[in-house]
Amino acid sequence: MDVDSAPIDLTLDESSSASQPIARPEVIQTSSTGDVGLRFDLEGIVDRWRRPAAQTSSRDGHSAKVPAAAGVGQAGNADTALARFISKSDFATMDIVGQFNLGFIVTRRRTEHDDPRQQMDDLFIVDQHAADEKYNFETLQQTTVIRSQKLLRPRPLELTAADEMVAIENMDVLRQNGFEVEDADDDEVQEMGSGGRLRLVAQPVSKSTEFDIKDLEELIHLLHERAGQGVVRCSKARAMFAMRACRKSVMVGMPLQQKQMAAVVRHMGTMEQPWNCPHGRPTMRHLYDLGSRKGEGQRAVDWVGFAA
């Protein structure tokens with residue numbers, strides 16, 4: 001039979017056995033002679049094709065993906081969203097894709113997992129100035145000892161009993177911030193005519209920042225709230241460090257070599273809080289989920305399942 005000149009007849013003979021339901025309607029029914037009549041269940045084929053797609057979609061609902069809240073242009077809970085999916089060790093293994101617009105570093109993070117649904121492959125964009133500024137800021141916070149100047153005459157401190165105890169327990173922190181406090185004995189307390197035990201003998205000095213007793217009181221208050229949470233600084237000291245960090249950081253518009261970009265990204269893994277610069281500018285956002293492109297248009301077909 002000439003296939004080109006003899007098209008297959010898909011019409012059904014209603015009087016024949018074709019009107020009877022068959023177990024596998026998608027399978028061609030052949031005849032040894034004459035034209036071939038087909039019984040084709042299109043709705044059944046569509047239903048069976050959609051079934052594995054729906055199952056895949058259900059599985060993807062439990063896959064590991066960076067939430068949209070961590071994306072570019074997002075604020076609010078973006079820091080929390082990033083912290084849930086990125087650990088500090090991830091920064092050491094991120095691939096540097098390149099520099100964008102002389103202001104941003106594009107990085108790629110891939111994770112392997114036995115369960116394919118838990119594998120991740122994402123692009124992130126890093127603000128080169130904000131990230132470097134935060135690293136320099138935290139370094140200054142941790143290492144700087146503010147210079148102090150002795151007072152001509154010790155100044156009695158009027159503190160509550162709880163504040164006195166905090167100050168005595170954290171004299172090394174006060175000293176790192178430029179405040180030197182002494183614990184007076186009973187005779188000295190009576191001589192000073194004050195009910196407090198402590199007196200200020202030196203306070204911090206800086207070329208551009210003036211410190212006073214209110215900064216010491218703020219520092220003691222912060223020590224109440226953040227005991228054991230790293231180095232504590234008063235707001236004036238933080239502002240001073242933020243300004244210094246900004247001036248010494250990589251600037252927007254500066255072309256960077258591969259090693260320089262890698263250093264900026266690797267440093268983020270050493271920070272206590274890597275998600276924002278000291279002025280509040282975000283350092284990093286999620287750019288694109290490359291895993292969503294894998295296998296697109298290439299879904300494996302379970303032909304056996306069509307017989308089910």
# chains A, B, ... in the order shown; residues from 1 in each chain; ligands from 1

$ residues_around --residues "Cys277 of chain A" --least-positions-apart "3" --cutoff "12 Å" --atoms "only C-alpha atoms" --output "ChimeraX atom specification"
/A:79,126-138,238-239,241-243,245-246,249,268,271-274,280-284

$ atom_distance --atom1 "atom CA of Val250 of chain A" --atom2 "atom CA of Ser89 of chain A"
22.8 Å

$ residues_around --residues "Glu217 of chain A" --least-positions-apart "2" --cutoff "12 Å" --atoms "only C-alpha atoms" --output "list in words"
Leu157, Glu158, Leu159, Thr160, Asp163, Glu164, Val166, Ala167, Leu174, Phe179, Leu200, Phe211, Asp212, Ile213, Lys214, Asp215, Leu219, Ile220, His221, Leu222, Leu223, His224, Arg233, Cys234 and Ser235 of chain A

$ select_by_dssp --residues "segment 58-296 of chain A" --states "strand (DSSP E or B)" --output "ChimeraX atom specification"
/A:71,95-100,104-111,120-127,148-156,180-183,198-205,210,276,282,284-289

$ write_last_selection --atoms "C-alpha atoms" --output "CSV table (one decimal), in the first residue's frame"
chain,number,residue,atom,x,y,z
A,71,GLY,CA,15.7,38.5,45.7
A,95,ASP,CA,32.4,30.7,42.1
A,96,ILE,CA,33.1,34.2,40.9
A,97,VAL,CA,31.3,34.7,37.7
A,98,GLY,CA,32.4,38.3,37.1
A,99,GLN,CA,31.9,42.0,37.8
A,100,PHE,CA,28.7,43.8,36.7
A,104,PHE,CA,28.6,44.4,41.7
A,105,ILE,CA,30.1,41.0,41.9
A,106,VAL,CA,28.1,38.1,40.4
A,107,THR,CA,28.7,34.8,42.2
A,108,ARG,CA,27.4,31.2,41.8
A,109,ARG,CA,26.7,28.8,44.6
A,110,ARG,CA,26.1,25.1,43.9
A,111,THR,CA,25.3,22.4,46.5
A,120,MET,CA,20.8,24.0,44.5
A,121,ASP,CA,22.4,26.1,41.8
A,122,ASP,CA,21.9,29.8,42.2
A,123,LEU,CA,23.4,33.2,41.1
A,124,PHE,CA,23.8,35.9,43.7
A,125,ILE,CA,24.8,39.6,43.3
A,126,VAL,CA,27.1,41.2,45.8
A,127,ASP,CA,27.5,45.0,46.3
A,148,SER,CA,42.0,57.6,76.2
A,149,GLN,CA,43.1,60.8,78.0
A,150,LYS,CA,43.5,61.0,81.7
A,151,LEU,CA,41.3,63.5,83.6
A,152,LEU,CA,42.9,66.1,85.8
A,153,ARG,CA,40.7,65.0,88.6
A,154,PRO,CA,38.7,61.6,88.9
A,155,ARG,CA,35.0,62.1,88.4
A,156,PRO,CA,32.6,60.2,90.7
A,180,GLU,CA,39.0,53.9,82.4
A,181,VAL,CA,37.1,53.4,85.6
A,182,GLU,CA,38.4,52.7,89.1
A,183,ASP,CA,36.8,51.0,92.0
A,198,LEU,CA,33.2,54.0,90.9
A,199,ARG,CA,35.0,57.0,89.5
A,200,LEU,CA,36.0,57.9,86.0
A,201,VAL,CA,39.8,58.5,85.6
A,202,ALA,CA,40.1,58.7,81.8
A,203,GLN,CA,37.8,59.1,78.8
A,204,PRO,CA,38.2,58.5,75.0
A,205,VAL,CA,39.5,61.1,72.6
A,210,GLU,CA,33.9,64.0,71.2
A,276,ASN,CA,24.1,44.8,55.5
A,282,PRO,CA,22.2,45.5,51.5
A,284,MET,CA,23.9,40.7,48.8
A,285,ARG,CA,20.7,39.5,47.1
A,286,HIS,CA,19.6,36.4,45.2
A,287,LEU,CA,19.7,36.9,41.4
A,288,TYR,CA,18.5,33.7,39.7
A,289,ASP,CA,17.8,30.0,40.3
